[in-house]
file run23.txt (compact mmCIF, C-alpha atoms)
# COMPACT_ATOMS: atom_id res chain seq x y z
CA MET A 1001 95.05 79.53 84.61
CA THR A 1002 98.62 78.25 84.34
CA SER A 1003 101.14 80.63 85.78
CA VAL A 1004 103.19 82.65 83.34
CA VAL A 1005 106.80 81.62 82.95
CA VAL A 1006 108.98 84.57 83.92
CA SER A 1007 112.46 83.27 83.24
CA THR A 1008 112.76 84.21 79.57
CA PRO A 1009 115.86 86.24 78.66
CA SER A 1010 113.83 88.97 76.92
CA ILE A 1011 113.33 90.94 80.14
CA ASN A 1012 116.22 93.20 81.09
CA ARG A 1013 117.78 92.61 84.51
CA ARG A 1014 116.75 96.12 85.57
CA LEU A 1015 113.08 95.25 85.28
CA PRO A 1016 110.90 94.19 88.22
CA SER A 1017 110.23 90.61 89.19
CA PHE A 1018 106.88 89.59 87.76
CA GLU A 1019 106.92 86.66 90.16
CA ARG A 1020 106.39 89.12 93.03
CA LEU A 1021 103.49 90.70 91.19
CA LEU A 1022 101.83 87.34 90.63
CA ALA A 1023 102.39 86.54 94.30
CA GLY A 1024 100.30 89.58 95.24
CA ASP A 1025 102.85 92.34 95.74
CA ALA A 1026 102.08 95.80 94.36
CA LEU A 1027 104.41 97.29 91.78
CA SER A 1028 106.65 99.97 93.26
CA ASP A 1029 106.96 103.33 91.53
CA ARG A 1030 110.56 102.53 90.67
CA ASP A 1031 109.69 99.17 89.16
CA ALA A 1032 106.79 100.72 87.25
CA LEU A 1033 109.14 103.26 85.68
CA ALA A 1034 111.53 100.45 84.73
CA LEU A 1035 108.81 98.99 82.47
CA VAL A 1036 109.59 101.65 79.87
CA ASP A 1037 112.50 99.39 78.87
CA VAL A 1038 110.30 96.47 77.81
CA ASP A 1039 110.92 96.05 74.10
CA ARG A 1040 109.04 94.10 71.46
CA ALA A 1041 110.76 90.86 72.49
CA GLY A 1042 109.41 91.24 76.00
CA MET A 1043 105.83 92.09 75.08
CA ASP A 1044 104.45 88.55 75.24
CA GLU A 1045 105.68 88.14 78.78
CA LEU A 1046 104.45 91.57 79.84
CA CYS A 1047 100.99 90.92 78.40
CA GLY A 1048 100.87 87.43 79.83
CA VAL A 1049 101.36 88.75 83.34
CA ALA A 1050 98.79 91.51 82.78
CA SER A 1051 96.28 89.01 81.44
CA GLU A 1052 96.75 86.69 84.39
CA LEU A 1053 96.28 89.55 86.83
CA ARG A 1054 93.04 90.51 85.06
CA ASP A 1055 91.73 86.94 85.19
CA ARG A 1056 92.57 86.72 88.87
CA GLY A 1057 90.84 89.97 89.79
CA ARG A 1058 87.99 90.28 87.29
CA GLY A 1059 87.38 86.73 86.06
CA ARG A 1060 86.62 85.91 82.44
CA VAL A 1061 84.01 88.60 81.84
CA ILE A 1062 84.47 91.59 79.54
CA THR A 1063 81.86 94.30 80.00
CA PHE A 1064 80.40 97.18 78.00
CA SER A 1065 77.92 99.95 78.81
CA PRO A 1066 74.92 100.29 76.45
CA LYS A 1067 74.61 104.06 76.14
CA VAL A 1068 73.37 107.11 74.36
CA PHE A 1069 75.84 109.93 73.75
CA ILE A 1070 74.38 113.36 74.57
CA PRO A 1071 76.61 116.29 73.51
CA LEU A 1072 74.94 118.93 75.67
CA THR A 1073 77.09 121.67 74.15
CA ARG A 1074 80.09 121.64 71.84
CA LEU A 1075 81.14 125.15 72.78
CA CYS A 1076 84.34 125.15 74.83
CA ARG A 1077 86.74 127.64 76.34
CA ASP A 1078 89.71 125.37 75.50
CA PHE A 1079 91.52 124.72 72.22
CA CYS A 1080 93.24 121.30 72.04
CA GLY A 1081 95.52 120.43 69.16
CA TYR A 1082 93.60 117.30 68.15
CA CYS A 1083 89.94 118.10 68.88
CA THR A 1084 87.09 118.28 66.37
CA PHE A 1085 84.37 118.13 69.03
CA ARG A 1086 84.60 121.80 70.06
CA GLN A 1087 82.78 124.45 68.10
CA SER A 1088 82.55 128.21 68.30
CA PRO A 1089 79.10 129.85 68.28
CA ASP A 1090 79.22 130.64 64.57
CA GLU A 1091 79.98 126.97 63.79
CA ALA A 1092 77.28 125.44 65.98
CA ASP A 1093 73.81 124.60 64.73
CA GLU A 1094 72.63 125.18 68.30
CA LEU A 1095 74.52 126.53 71.28
CA PHE A 1096 73.09 123.95 73.71
CA LEU A 1097 70.77 121.01 73.27
CA SER A 1098 67.30 121.90 74.51
CA GLY A 1099 65.63 119.92 77.26
CA GLY A 1100 63.27 118.46 74.69
CA ALA A 1101 66.14 117.29 72.49
CA VAL A 1102 67.93 115.72 75.46
CA MET A 1103 64.85 113.81 76.53
CA SER A 1104 64.09 112.69 72.98
CA VAL A 1105 67.51 111.04 72.72
CA ALA A 1106 67.22 109.56 76.21
CA ARG A 1107 63.80 108.04 75.57
CA ALA A 1108 64.91 106.62 72.22
CA GLY A 1109 67.87 105.00 73.95
CA GLU A 1110 65.63 103.64 76.66
CA ARG A 1111 63.48 101.92 74.03
CA LEU A 1112 66.62 100.24 72.71
CA GLY A 1113 67.61 98.98 76.15
CA CYS A 1114 70.32 101.54 76.92
CA THR A 1115 71.10 102.25 80.56
CA GLU A 1116 73.69 105.06 80.34
CA ALA A 1117 73.20 108.67 79.27
CA LEU A 1118 76.72 109.92 78.63
CA PHE A 1119 76.73 113.72 78.86
CA THR A 1120 79.83 115.08 77.15
CA LEU A 1121 80.30 118.81 76.74
CA GLY A 1122 82.81 121.55 76.25
CA GLU A 1123 84.46 123.16 79.24
CA ARG A 1124 82.73 126.27 80.66
CA PRO A 1125 81.97 128.00 77.34
CA GLU A 1126 80.27 130.90 79.13
CA GLN A 1127 83.74 132.05 80.20
CA ARG A 1128 84.75 132.60 76.57
CA TYR A 1129 81.55 133.27 74.64
CA ALA A 1130 78.94 135.88 75.56
CA GLU A 1131 76.42 133.93 73.46
CA ALA A 1132 76.74 130.94 75.78
CA GLY A 1133 76.16 133.05 78.88
CA GLU A 1134 73.14 134.71 77.30
CA TRP A 1135 71.60 131.36 76.35
CA LEU A 1136 72.11 130.00 79.84
CA GLU A 1137 70.63 133.10 81.49
CA ALA A 1138 67.58 132.92 79.23
CA HIS A 1139 67.04 129.33 80.40
CA GLY A 1140 67.44 130.05 84.10
CA HIS A 1141 71.10 129.17 84.63
CA ARG A 1142 74.34 131.00 85.34
CA THR A 1143 76.67 128.16 84.31
CA THR A 1144 76.87 125.20 81.98
CA LEU A 1145 77.33 122.90 84.98
CA SER A 1146 74.03 124.13 86.43
CA TYR A 1147 72.22 123.34 83.19
CA LEU A 1148 73.88 119.92 83.10
CA SER A 1149 72.59 119.20 86.61
CA GLU A 1150 69.03 120.01 85.51
CA MET A 1151 69.25 117.72 82.49
CA CYS A 1152 70.73 114.90 84.58
CA ARG A 1153 67.84 115.23 87.01
CA ARG A 1154 65.29 114.97 84.21
CA VAL A 1155 66.93 111.89 82.70
CA PHE A 1156 67.24 110.23 86.10
CA ASP A 1157 63.63 110.97 87.11
CA GLU A 1158 61.88 110.39 83.79
CA THR A 1159 63.70 107.37 82.29
CA ASP A 1160 65.47 104.18 83.28
CA LEU A 1161 68.76 105.68 82.08
CA LEU A 1162 71.53 106.71 84.46
CA PRO A 1163 73.46 109.90 83.71
CA HIS A 1164 77.23 109.85 83.54
CA GLY A 1165 78.52 113.41 83.43
CA ASN A 1166 81.81 114.17 81.70
CA PRO A 1167 81.92 118.00 81.74
CA GLY A 1168 85.59 118.67 82.48
CA THR A 1169 86.98 120.18 85.66
CA MET A 1170 84.54 120.59 88.54
CA SER A 1171 84.43 122.21 91.96
CA ARG A 1172 83.24 120.44 95.09
CA ARG A 1173 79.86 122.18 94.83
CA GLU A 1174 79.44 121.18 91.18
CA LEU A 1175 80.27 117.55 91.95
CA GLN A 1176 77.81 117.59 94.83
CA ALA A 1177 75.10 118.88 92.48
CA LEU A 1178 75.65 115.91 90.14
CA GLN A 1179 76.01 113.28 92.87
CA PRO A 1180 72.29 112.53 93.47
CA THR A 1181 71.67 111.69 89.79
CA ASN A 1182 75.06 110.47 88.52
CA PRO A 1183 76.18 107.09 89.90
CA SER A 1184 79.55 107.92 88.38
CA VAL A 1185 81.23 110.92 86.78
CA GLY A 1186 84.39 111.21 84.75
CA ILE A 1187 87.24 113.30 83.45
CA MET A 1188 90.12 112.11 81.30
CA LEU A 1189 93.42 112.99 82.90
CA GLU A 1190 94.98 112.43 79.46
CA SER A 1191 98.47 113.11 80.83
CA SER A 1192 100.05 114.34 84.03
CA SER A 1193 102.91 115.89 82.05
CA PRO A 1194 103.10 119.71 82.24
CA ARG A 1195 105.37 119.56 79.19
CA LEU A 1196 102.33 119.11 76.92
CA HIS A 1197 101.23 122.65 77.85
CA GLU A 1198 104.38 124.29 76.56
CA ALA A 1199 104.41 126.37 73.36
CA GLY A 1200 103.56 124.13 70.44
CA GLY A 1201 102.17 121.38 72.66
CA PRO A 1202 98.69 119.91 72.25
CA HIS A 1203 97.40 121.63 75.40
CA GLU A 1204 99.08 125.01 74.97
CA PHE A 1205 95.71 126.76 74.67
CA ALA A 1206 93.74 124.45 76.97
CA PRO A 1207 94.04 125.67 80.57
CA SER A 1208 91.46 123.14 81.74
CA LYS A 1209 93.75 120.30 80.65
CA ARG A 1210 96.47 121.23 83.14
CA PRO A 1211 97.20 118.17 85.28
CA ARG A 1212 96.88 120.01 88.59
CA VAL A 1213 93.27 121.06 88.01
CA ARG A 1214 92.24 117.69 86.58
CA LEU A 1215 93.78 115.77 89.45
CA ARG A 1216 92.09 118.13 91.89
CA THR A 1217 88.68 117.29 90.38
CA MET A 1218 89.47 113.61 90.80
CA GLU A 1219 90.58 114.21 94.38
CA LEU A 1220 87.36 116.05 95.22
CA ALA A 1221 85.31 113.19 93.78
CA GLY A 1222 87.21 110.82 96.03
CA GLU A 1223 86.52 112.95 99.09
CA LEU A 1224 82.81 112.90 98.18
CA GLY A 1225 82.75 109.14 97.52
CA ILE A 1226 81.77 109.42 93.84
CA PRO A 1227 82.80 106.45 91.67
CA PHE A 1228 85.04 107.94 89.01
CA THR A 1229 86.14 107.20 85.45
CA THR A 1230 89.42 108.60 84.14
CA GLY A 1231 92.13 107.64 81.71
CA ILE A 1232 95.12 108.58 79.60
CA LEU A 1233 95.43 109.51 75.94
CA ILE A 1234 98.52 108.13 74.25
CA GLY A 1235 100.28 109.35 71.13
CA ILE A 1236 99.91 113.12 71.68
CA GLY A 1237 103.60 113.74 72.26
CA GLU A 1238 104.10 112.18 75.68
CA THR A 1239 106.86 109.69 76.47
CA ARG A 1240 106.49 106.22 77.95
CA THR A 1241 107.85 107.56 81.22
CA GLU A 1242 105.17 110.24 81.28
CA ARG A 1243 102.47 107.62 80.68
CA VAL A 1244 103.74 105.63 83.64
CA GLU A 1245 103.79 108.78 85.79
CA SER A 1246 100.19 109.50 84.79
CA LEU A 1247 99.09 105.99 85.76
CA LEU A 1248 100.93 106.28 89.08
CA ALA A 1249 99.11 109.55 89.80
CA ILE A 1250 95.80 107.78 89.18
CA ARG A 1251 96.87 104.87 91.39
CA ASP A 1252 97.82 107.23 94.21
CA LEU A 1253 94.31 108.72 94.21
CA HIS A 1254 92.69 105.29 94.13
CA ARG A 1255 94.79 104.13 97.07
CA ARG A 1256 93.54 107.11 99.06
CA PHE A 1257 89.84 106.90 98.21
CA GLY A 1258 89.07 103.64 96.35
CA HIS A 1259 86.87 105.54 93.89
CA ILE A 1260 88.66 105.06 90.56
CA GLN A 1261 86.21 102.59 89.09
CA GLU A 1262 87.62 102.61 85.58
CA VAL A 1263 90.73 103.68 83.68
CA ILE A 1264 90.55 104.21 79.92
CA VAL A 1265 93.65 103.74 77.80
CA GLN A 1266 92.79 105.64 74.62
CA ASN A 1267 94.83 105.87 71.47
CA PHE A 1268 95.25 109.15 69.58
CA ARG A 1269 93.86 109.23 66.05
CA ALA A 1270 94.67 112.22 63.89
CA LYS A 1271 91.77 114.25 62.54
CA ALA A 1272 91.67 116.53 59.52
CA ASP A 1273 91.49 120.28 60.01
CA THR A 1274 93.26 120.22 63.37
CA PRO A 1275 96.79 121.43 64.26
CA MET A 1276 97.79 117.77 64.78
CA ALA A 1277 96.31 116.47 61.53
CA ASP A 1278 99.73 115.26 60.31
CA VAL A 1279 100.77 113.56 63.56
CA PRO A 1280 100.84 109.75 63.15
CA ASP A 1281 98.17 107.75 64.95
CA ALA A 1282 99.27 106.01 68.13
CA ALA A 1283 100.85 102.68 67.19
CA GLY A 1284 99.05 99.49 68.11
CA ASP A 1285 102.12 98.08 69.87
CA GLU A 1286 102.35 101.21 72.01
CA LEU A 1287 98.70 100.87 72.96
CA MET A 1288 99.34 97.22 73.77
CA TRP A 1289 102.34 98.09 75.96
CA THR A 1290 100.51 100.90 77.74
CA THR A 1291 97.44 98.75 78.43
CA ALA A 1292 99.51 95.94 79.93
CA VAL A 1293 101.52 98.41 82.02
CA ALA A 1294 98.28 99.98 83.24
CA ARG A 1295 97.13 96.58 84.49
CA LEU A 1296 100.44 95.94 86.25
CA ILE A 1297 100.41 99.37 87.92
CA LEU A 1298 96.72 99.51 88.84
CA GLY A 1299 96.42 95.91 89.92
CA GLU A 1300 94.03 93.06 89.38
CA ARG A 1301 90.77 94.74 90.49
CA VAL A 1302 90.66 98.14 88.74
CA ASN A 1303 88.60 98.08 85.56
CA ILE A 1304 90.67 98.89 82.47
CA GLN A 1305 89.13 99.82 79.14
CA VAL A 1306 90.28 100.24 75.55
CA PRO A 1307 87.68 101.79 73.20
CA PRO A 1308 86.86 99.21 70.50
CA ASN A 1309 85.87 101.75 67.84
CA LEU A 1310 89.37 103.25 67.67
CA SER A 1311 91.19 100.07 66.56
CA GLU A 1312 90.40 97.57 63.82
CA ASP A 1313 91.96 94.68 65.77
CA TYR A 1314 90.56 95.71 69.15
CA GLU A 1315 90.28 92.13 70.42
CA ARG A 1316 94.07 91.96 70.81
CA TYR A 1317 93.84 94.21 73.87
CA ILE A 1318 92.02 91.49 75.78
CA HIS A 1319 95.42 89.80 75.88
CA ALA A 1320 96.94 92.94 77.44
CA GLY A 1321 94.67 92.81 80.48
CA ILE A 1322 91.54 94.86 79.74
CA ASN A 1323 88.16 93.84 81.13
CA ASP A 1324 85.89 96.46 79.56
CA TRP A 1325 85.00 97.97 76.17
CA GLY A 1326 83.37 101.13 77.51
CA GLY A 1327 80.20 102.67 76.18
CA VAL A 1328 78.77 101.31 72.94
CA SER A 1329 75.65 102.88 71.46
CA PRO A 1330 72.97 101.39 69.21
CA LEU A 1331 71.67 104.91 68.55
CA THR A 1332 74.18 107.76 68.67
CA ILE A 1333 77.61 108.24 67.13
CA ASP A 1334 80.83 108.90 69.03
CA TYR A 1335 80.76 112.69 68.76
CA VAL A 1336 84.38 112.94 69.93
CA ASN A 1337 85.54 110.47 67.25
CA PRO A 1338 82.79 110.73 64.61
CA GLU A 1339 84.91 108.98 62.00
CA ALA A 1340 85.02 105.81 64.12
CA PRO A 1341 81.69 103.91 64.25
CA TRP A 1342 80.84 101.65 67.18
CA PRO A 1343 81.23 97.93 66.47
CA GLN A 1344 78.05 95.92 66.07
CA LEU A 1345 77.31 94.13 69.34
CA ALA A 1346 77.13 90.77 67.57
CA GLU A 1347 80.66 91.30 66.27
CA LEU A 1348 81.89 92.58 69.64
CA GLN A 1349 80.45 89.46 71.24
CA ARG A 1350 81.95 87.18 68.61
CA ARG A 1351 85.45 88.59 69.03
CA THR A 1352 85.21 88.63 72.83
CA GLU A 1353 84.06 85.02 72.97
CA ALA A 1354 86.72 83.94 70.45
CA ALA A 1355 89.29 85.19 72.95
CA GLY A 1356 87.69 83.01 75.64
CA TYR A 1357 85.65 85.63 77.51
CA GLU A 1358 81.98 86.37 78.13
CA LEU A 1359 80.53 89.73 77.06
CA ARG A 1360 78.12 91.26 79.60
CA PRO A 1361 76.37 94.66 79.70
CA ARG A 1362 76.91 96.85 82.77
CA LEU A 1363 75.63 100.12 84.16
CA PRO A 1364 77.78 103.30 84.13
CA VAL A 1365 78.83 102.32 87.66
CA TYR A 1366 80.49 98.94 88.25
CA PRO A 1367 78.84 96.24 90.42
CA GLU A 1368 81.40 96.48 93.22
CA TYR A 1369 80.05 99.93 94.10
CA PHE A 1370 76.45 98.86 94.70
CA ALA A 1371 75.82 95.10 94.39
CA ASN A 1372 76.40 92.03 96.55
CA GLY A 1373 76.23 93.87 99.85
CA SER A 1374 78.55 96.72 98.84
CA ASP A 1375 78.73 99.41 101.51
CA TRP A 1376 79.89 102.17 99.14
CA PRO A 1377 77.96 105.32 100.20
CA LEU A 1378 75.72 105.88 97.17
CA PRO A 1379 72.50 107.89 97.73
CA PRO A 1380 69.65 105.53 98.73
CA MET A 1381 67.39 106.43 95.78
CA MET A 1382 70.33 105.88 93.45
CA LYS A 1383 71.12 102.47 94.89
CA GLU A 1384 67.47 101.43 94.66
CA LYS A 1385 67.42 102.24 90.94
CA LEU A 1386 70.73 100.46 90.31
CA LEU A 1387 69.53 97.27 91.98
CA ARG A 1388 66.23 97.38 90.08
CA LEU A 1389 68.05 97.43 86.74
CA THR A 1390 70.52 94.63 87.48
CA ASP A 1391 70.72 90.90 88.12
CA GLU A 1392 72.22 89.13 91.12
CA ASP A 1393 75.76 89.82 89.85
CA GLY A 1394 75.20 93.55 89.33
CA TYR A 1395 75.06 93.39 85.52
CA VAL A 1396 72.18 94.64 83.35
CA LYS A 1397 69.17 92.34 83.50
CA GLY A 1398 68.67 90.21 80.40
CA GLY A 1399 72.35 90.09 79.48
CA ILE A 1400 73.64 90.48 75.94
CA GLN A 1401 70.50 88.77 74.58
CA ARG A 1402 68.56 91.93 75.52
CA TYR A 1403 70.27 93.75 72.63
CA ALA A 1404 70.20 91.10 69.91
CA ARG A 1405 67.23 92.75 68.22
CA ASN A 1406 69.10 96.06 67.93
CA ASP A 1407 71.84 94.72 65.66
call {"tool": "encode", "arguments": {"input": "run23.txt", "output": "structure tokens"}}
result
Amino acid sequence: MTSVVVSTPSINRRLPSFERLLAGDALSDRDALALVDVDRAGMDELCGVASELRDRGRGRVITFSPKVFIPLTRLCRDFCGYCTFRQSPDEADELFLSGGAVMSVARAGERLGCTEALFTLGERPEQRYAEAGEWLEAHGHRTTLSYLSEMCRRVFDETDLLPHGNPGTMSRRELQALQPTNPSVGIMLESSSPRLHEAGGPHEFAPSKRPRVRLRTMELAGELGIPFTTGILIGIGETRTERVESLLAIRDLHRRFGHIQEVIVQNFRAKADTPMADVPDAAGDELMWTTAVARLILGERVNIQVPPNLSEDYERYIHAGINDWGGVSPLTIDYVNPEAPWPQLAELQRRTEAAGYELRPRLPVYPEYFANGSDWPLPPMMKEKLLRLTDEDGYVKGGIQRYARND
């Protein structure tokens, strides 16, 4: 690819030299913070550099994970200002999905060629609701995380799907319990800003969203060698500077452990019947800026994702440096954003190819953690299953053609 011209006058003199970035230097914290000054006139240059870095590190492949979404419980001890996923016991049709219901969804997804079972659930509801604790005790568990571990084991043992647990903050012991069946786990950092927890902020009543405890979960996963998915949520009241600081915190952990396999840049969308119902959706240009900055901060190799169901013109973010669309399901809705349907795979492929890239399905763990002689310390039975499901490049066998019949 032709090198990006970096001499245009749109970039303020205070900003970093993109020439150094393209020559292989990492962005310093100071230079990363200076990117908050890039205005609309400088966006083309910013995105051009991000796109070139992506091409250099990840090639011309954009991936997605064919998945089923399993909301194990929607009960939650937290109250976030924008969430419609959480329910209280009197709102829920069922407190927890039964084992039979979990396996029914997993097997249906398996028939459709899915390879990921995304377990999303509320944070430790037994600490707020007696009903949750009673249900768990009646089913042989003291905690929600223990029940999650059992369901992950069943999915791993009884299907070709791979669990990806996203249960919120976790202790070392809880992460270790998931490690044999989850090739990756995740938690959205959302923001490293403590300001969002102040009175009136979106996380005022969500103690589990405090940056310190979320970053500690990510640190523990790194110490255990668990490939990890995280990300930031933009448009919830944070500043550009705070977004950069969040991305730098993620980069610091990845430099220590090498385990941050994927960073999601997600845009806020207001939902009715929430305290933030009247807050404007995150602007597309802000998502574009944040995505490009994420690529510049995190470098050419880290996988960066923008969810395609949260933007009508999602293909534009290819030009800001992404290389992944995240999980897309032929079966289940996005329970966190139920108003936003997944794109049809044929349309996702068409838009990806129109931008000059190939769309390929992946597992919930990226190839660099298990394929092509990788020495990442995954459990042997896990690695055996991963290699059985993938081709010589570490992508799902059969490629995108495997899913044509599902559209």
call {"tool": "closest_residue", "arguments": {"input": "run23.txt", "among": "A:Ala1130, A:Val1102, A:Leu1248, A:Ala1320", "to": "Leu1298 (chain A)", "atoms": "all atoms listed in the file"}}
result
A:Leu1248
call {"tool": "closest_residue", "arguments": {"input": "run23.txt", "among": "A:Ser1088, A:Thr1063, A:Asn1303, A:Thr1120", "to": "Val1336 (chain A)", "atoms": "only C-alpha atoms"}}
result
A:Thr1120
call {"tool": "closest_residue", "arguments": {"input": "run23.txt", "among": "A:Arg1316, A:Lys1209, A:Ser1184, A:Asn1337", "to": "Tyr1369 (chain A)", "atoms": "all atoms listed in the file"}}
result
A:Ser1184
call {"tool": "residues_around", "arguments": {"input": "run23.txt", "residues": "Thr1274 (chain A)", "least_positions_apart": "6", "cutoff": "10 Å", "atoms": "all atoms listed in the file", "output": "ChimeraX atom specification"}}
result
/A:1080-1084
call {"tool": "residues_near_point", "arguments": {"input": "run23.txt", "point": "(99.8, 88.2, 92.4)", "cutoff": "10 Å", "atoms": "only C-alpha atoms", "output": "ChimeraX atom specification"}}
result
/A:1018-1026,1049,1052-1053,1056-1057,1296,1299-1300
call {"tool": "closest_residue", "arguments": {"input": "run23.txt", "among": "A:Gln1176, A:Thr1115, A:Pro1163, A:Glu1262", "to": "Met1188 (chain A)", "atoms": "all atoms listed in the file"}}
result
A:Glu1262
call {"tool": "atom_distance", "arguments": {"input": "run23.txt", "atom1": "CA of Cys1047 (chain A)", "atom2": "CA of Pro1341 (chain A)"}}
result
27.2 Å
call {"tool": "closest_residue", "arguments": {"input": "run23.txt", "among": "A:Gly1100, A:Pro1227, A:Gly1222, A:Gly1237", "to": "Pro1202 (chain A)", "atoms": "only C-alpha atoms"}}
result
A:Gly1237
call {"tool": "closest_atom_pairs", "arguments": {"input": "run23.txt", "of": "region 1292-1314 of chain A", "to": "region 1342-1348 of chain A", "cutoff": "10 Å", "atoms": "all atoms listed in the file", "output": "Markdown table"}}
result
| residue | atom | partner | partner_atom | distance |
| --- | --- | --- | --- | --- |
| A:Pro1307 | CA | A:Trp1342 | CA | 9.1 |
| A:Pro1308 | CA | A:Pro1343 | CA | 7.0 |
| A:Asn1309 | CA | A:Trp1342 | CA | 5.1 |
| A:Leu1310 | CA | A:Trp1342 | CA | 8.7 |
| A:Glu1312 | CA | A:Pro1343 | CA | 9.6 |
| A:Tyr1314 | CA | A:Leu1348 | CA | 9.2 |
call {"tool": "residues_near_point", "arguments": {"input": "run23.txt", "point": "(112.6, 107.0, 83.9)", "cutoff": "10 Å", "atoms": "all atoms listed in the file", "output": "PDB file with C-alpha atoms, in the frame of the given file"}}
result
ATOM      1  CA  ARG A1030     110.560 102.530  90.670  1.00  0.00           C
ATOM      2  CA  ASP A1031     109.690  99.170  89.160  1.00  0.00           C
ATOM      3  CA  ALA A1032     106.790 100.720  87.250  1.00  0.00           C
ATOM      4  CA  LEU A1033     109.140 103.260  85.680  1.00  0.00           C
ATOM      5  CA  ALA A1034     111.530 100.450  84.730  1.00  0.00           C
ATOM      6  CA  LEU A1035     108.810  98.990  82.470  1.00  0.00           C
ATOM      7  CA  VAL A1036     109.590 101.650  79.870  1.00  0.00           C
ATOM      8  CA  ASP A1037     112.500  99.390  78.870  1.00  0.00           C
ATOM      9  CA  THR A1239     106.860 109.690  76.470  1.00  0.00           C
ATOM     10  CA  ARG A1240     106.490 106.220  77.950  1.00  0.00           C
ATOM     11  CA  THR A1241     107.850 107.560  81.220  1.00  0.00           C
ATOM     12  CA  GLU A1242     105.170 110.240  81.280  1.00  0.00           C
ATOM     13  CA  VAL A1244     103.740 105.630  83.640  1.00  0.00           C
ATOM     14  CA  GLU A1245     103.790 108.780  85.790  1.00  0.00           C
TER      15      GLU A1245
END
call {"tool": "closest_residue", "arguments": {"input": "run23.txt", "among": "A:Glu1353, A:Leu1220, A:Asp1160, A:Gln1261", "to": "Leu1387 (chain A)", "atoms": "only C-alpha atoms"}}
result
A:Asp1160
